[in-house]
>>> print(open('input07.txt').read())   # compact mmCIF, C-alpha atoms
# COMPACT_ATOMS: atom_id res chain seq x y z
CA ARG A 30 -49.57 26.83 -32.36
CA GLY A 31 -51.63 25.02 -34.91
CA VAL A 32 -55.06 23.48 -34.43
CA ARG A 33 -53.47 20.10 -33.70
CA ASP A 34 -51.54 21.58 -30.77
CA GLY A 35 -54.58 23.27 -29.23
CA PRO A 36 -55.97 22.64 -25.76
CA TRP A 37 -58.16 19.77 -26.99
CA ALA A 38 -55.30 17.83 -28.62
CA TRP A 39 -55.12 15.57 -25.54
CA GLY A 40 -58.64 14.37 -26.34
CA ARG A 41 -57.54 13.03 -29.72
CA ARG A 42 -54.55 11.34 -28.10
CA VAL A 43 -56.70 9.69 -25.42
CA ARG A 44 -59.20 8.47 -28.04
CA ALA A 45 -56.36 7.03 -30.14
CA LEU A 46 -54.84 5.33 -27.09
CA THR A 47 -58.13 3.83 -25.94
CA ALA A 48 -58.92 2.65 -29.49
CA ALA A 49 -55.52 0.94 -29.70
CA MET A 50 -56.03 -0.67 -26.28
CA ALA A 51 -59.54 -1.82 -27.22
CA THR A 52 -58.19 -3.43 -30.41
CA THR A 53 -55.54 -5.25 -28.39
CA ALA A 54 -58.11 -6.31 -25.79
CA LYS A 55 -60.46 -7.70 -28.45
CA ALA A 56 -57.64 -9.78 -29.86
CA GLY A 57 -57.13 -11.27 -26.37
CA GLN A 58 -53.45 -10.38 -26.35
CA CYS A 59 -53.29 -8.10 -23.31
CA SER A 60 -50.43 -8.64 -20.93
CA PRO A 61 -50.90 -7.75 -17.25
CA MET A 62 -48.97 -4.51 -17.89
CA GLU A 63 -51.30 -3.58 -20.76
CA GLN A 64 -54.26 -4.38 -18.53
CA THR A 65 -52.74 -2.09 -15.90
CA ALA A 66 -52.52 0.73 -18.46
CA ILE A 67 -56.10 0.09 -19.56
CA GLY A 68 -57.16 0.25 -15.90
CA GLY A 69 -55.41 3.57 -15.39
CA VAL A 70 -57.09 5.11 -18.44
CA SER A 71 -60.44 3.59 -17.44
CA GLY A 72 -60.15 4.99 -13.92
CA THR A 73 -59.40 8.45 -15.28
CA ILE A 74 -62.38 8.28 -17.67
CA GLU A 75 -64.57 7.11 -14.79
CA VAL A 76 -63.57 10.08 -12.65
CA ILE A 77 -64.04 12.60 -15.45
CA SER A 78 -67.50 11.27 -16.26
CA SER A 79 -68.73 11.07 -12.65
CA GLN A 80 -67.13 14.27 -11.30
CA PRO A 81 -70.17 16.54 -11.93
CA THR A 82 -72.45 14.27 -9.90
CA VAL A 83 -69.88 14.03 -7.09
CA ALA A 84 -69.55 17.83 -7.00
CA ALA A 85 -73.35 18.24 -6.90
CA LYS A 86 -73.65 15.61 -4.14
CA ASN A 87 -70.97 17.32 -2.05
CA ALA A 88 -72.61 20.72 -2.49
CA LEU A 89 -75.98 19.33 -1.40
CA GLN A 90 -74.47 17.57 1.62
CA GLU A 91 -72.73 20.77 2.71
CA GLY A 92 -75.80 22.94 2.13
CA ARG A 93 -74.14 24.97 -0.62
CA PRO A 94 -75.92 25.96 -3.83
CA ILE A 95 -75.06 23.91 -6.90
CA LYS A 96 -73.35 26.04 -9.53
CA TRP A 97 -73.90 24.55 -12.98
CA ASN A 98 -70.56 25.83 -14.14
CA PRO A 99 -67.83 23.46 -15.41
CA ARG A 100 -65.24 25.30 -13.29
CA PHE A 101 -67.26 24.38 -10.20
CA LEU A 102 -68.36 20.91 -11.31
CA TYR A 103 -64.84 19.81 -12.25
CA ARG A 104 -63.02 21.39 -9.30
CA GLY A 105 -60.71 18.75 -7.82
CA VAL A 106 -60.96 16.37 -10.77
CA GLY A 107 -57.17 16.09 -11.09
CA ILE A 108 -56.65 14.98 -7.49
CA ASN A 109 -59.62 12.63 -7.73
CA ALA A 110 -58.22 11.06 -10.92
CA MET A 111 -54.77 10.71 -9.36
CA SER A 112 -56.30 8.81 -6.45
CA ILE A 113 -58.68 6.55 -8.41
CA ALA A 114 -56.64 5.76 -11.55
CA PRO A 115 -53.84 3.88 -9.72
CA ILE A 116 -56.36 1.80 -7.79
CA THR A 117 -58.21 0.87 -10.97
CA ALA A 118 -54.89 0.17 -12.70
CA VAL A 119 -53.85 -2.21 -9.91
CA GLN A 120 -57.21 -3.95 -10.06
CA PHE A 121 -57.10 -4.42 -13.85
CA GLY A 122 -53.46 -5.55 -13.75
CA ALA A 123 -54.10 -7.99 -10.91
CA ASN A 124 -57.10 -9.41 -12.74
CA GLY A 125 -54.98 -9.84 -15.87
CA ALA A 126 -52.26 -11.62 -13.91
CA LEU A 127 -54.68 -13.81 -11.91
CA THR A 128 -57.01 -14.86 -14.73
CA PRO A 129 -54.61 -17.47 -16.20
CA LEU A 130 -54.26 -19.02 -12.73
CA PHE A 131 -58.01 -19.66 -12.60
CA ALA A 132 -58.29 -20.99 -16.17
CA GLY A 133 -59.05 -24.63 -16.80
CA LYS A 134 -56.70 -27.02 -18.57
CA ASP A 135 -58.17 -25.98 -21.91
CA GLY A 136 -57.61 -22.29 -21.10
CA THR A 137 -61.27 -21.38 -20.64
CA LEU A 138 -62.73 -19.64 -17.62
CA SER A 139 -66.00 -20.58 -15.96
CA SER A 140 -68.22 -17.86 -14.53
CA GLY A 141 -67.09 -18.84 -11.03
CA SER A 142 -63.43 -18.59 -12.04
CA LYS A 143 -63.98 -15.13 -13.51
CA LEU A 144 -65.74 -14.09 -10.33
CA ALA A 145 -62.96 -15.47 -8.13
CA ALA A 146 -60.22 -13.76 -10.17
CA GLY A 147 -62.12 -10.46 -10.11
CA ALA A 148 -62.82 -10.69 -6.38
CA LEU A 149 -59.18 -11.43 -5.59
CA ALA A 150 -58.12 -8.51 -7.82
CA GLY A 151 -60.50 -6.31 -5.81
CA VAL A 152 -58.88 -7.48 -2.58
CA ILE A 153 -55.44 -6.64 -3.97
CA SER A 154 -56.58 -3.16 -5.03
CA ALA A 155 -58.07 -2.64 -1.56
CA LEU A 156 -54.64 -3.33 -0.07
CA VAL A 157 -53.40 -0.38 -2.14
CA SER A 158 -56.33 1.95 -1.58
CA GLY A 159 -56.94 1.26 2.11
CA PRO A 160 -53.78 2.87 3.50
CA ALA A 161 -54.13 5.85 1.14
CA GLU A 162 -57.73 6.44 2.22
CA LEU A 163 -56.75 6.09 5.89
CA VAL A 164 -54.17 8.88 5.50
CA MET A 165 -56.73 11.06 3.71
CA ILE A 166 -59.36 10.51 6.42
CA GLN A 167 -56.87 11.22 9.20
CA GLN A 168 -55.89 14.46 7.49
CA GLN A 169 -59.54 15.47 7.23
CA VAL A 170 -60.22 14.65 10.88
CA ARG A 171 -57.12 16.44 12.16
CA LEU A 172 -57.24 19.19 9.51
CA HIS A 173 -53.52 18.79 8.83
CA THR A 174 -51.49 18.18 5.74
CA TYR A 175 -48.17 16.38 6.00
CA GLN A 176 -46.28 19.59 6.74
CA LEU A 177 -48.54 22.42 7.88
CA PRO A 178 -51.84 22.58 9.72
CA LEU A 179 -54.74 23.84 7.61
CA THR A 180 -56.22 25.51 10.70
CA LYS A 181 -54.92 25.99 14.21
CA ASP A 182 -55.89 23.30 16.67
CA LYS A 183 -57.83 24.53 19.69
CA ASP A 184 -55.92 22.30 22.10
>>> encode(input="input07.txt", output="structure tokens")
Amino acid sequence: RGVRDGPWAWGRRVRALTAAMATTAKAGQCSPMEQTAIGGVSGTIEVISSQPTVAAKNALQEGRPIKWNPRFLYRGVGINAMSIAPITAVQFGANGALTPLFAGKDGTLSSGSKLAAGALAGVISALVSGPAELVMIQQQVRLHTYQLPLTKDKD
């Protein structure tokens, strides 16, 4: 394995992808599918950047000591990214698809139109995230996964 194939090669690929998407976005040529991809990458970056504060918050809420170790701070980041990235992708894609519907006859968007398109995109992403969060909360309350109980019920 060469240096280019090392464990940090994904970082170069992500930077190249985000740079290409940013260039496309600046040119104003993003299709709703490209906006969806940008949303997925943005959601993943959001999770990776905020994960240490979430881990510290959870430790404090549970009365556990905070371990300033990346293995502790980034525990669960994959699952968190897999739950947030699709929601952000749907929101970005919906906003990209809805924006032309709110544009004026000359193709420009007023501040109110941008707000309306963004709010409606948020509603659409909530329709995706709501059921997923309900399942997660029910599993936490009942302490069950889809197949096996995590602990025995005391019923």
>>> residues_around(input="input07.txt", residues="Thr73 in chain A", least_positions_apart="6", cutoff="12 Å", atoms="all atoms listed in the file", output="ChimeraX atom specification")
/A:43,47,66-67,79-80,106-118
>>> atom_distance(input="input07.txt", atom1="CA of Tyr103 in chain A", atom2="CA of Glu91 in chain A")
16.9 Å
>>> atom_distance(input="input07.txt", atom1="CA of Ser142 in chain A", atom2="CA of Glu75 in chain A")
25.9 Å
>>> closest_residue(input="input07.txt", among="A:Leu138, A:Ile95, A:Leu163, A:Ala123", to="Gly151 in chain A", atoms="all atoms listed in the file")
A:Ala123
>>> residues_around(input="input07.txt", residues="Gln64 in chain A", least_positions_apart="4", cutoff="9 Å", atoms="only C-alpha atoms", output="ChimeraX atom specification")
/A:50,54,59-60,68-69,118-126
>>> residues_around(input="input07.txt", residues="Ala146 in chain A", least_positions_apart="6", cutoff="8 Å", atoms="all atoms listed in the file", output="list in words")
Asn124, Leu127, Thr128 and Phe131 of chain A
>>> atom_distance(input="input07.txt", atom1="CA of Gly136 in chain A", atom2="CA of Gln58 in chain A")
13.7 Å
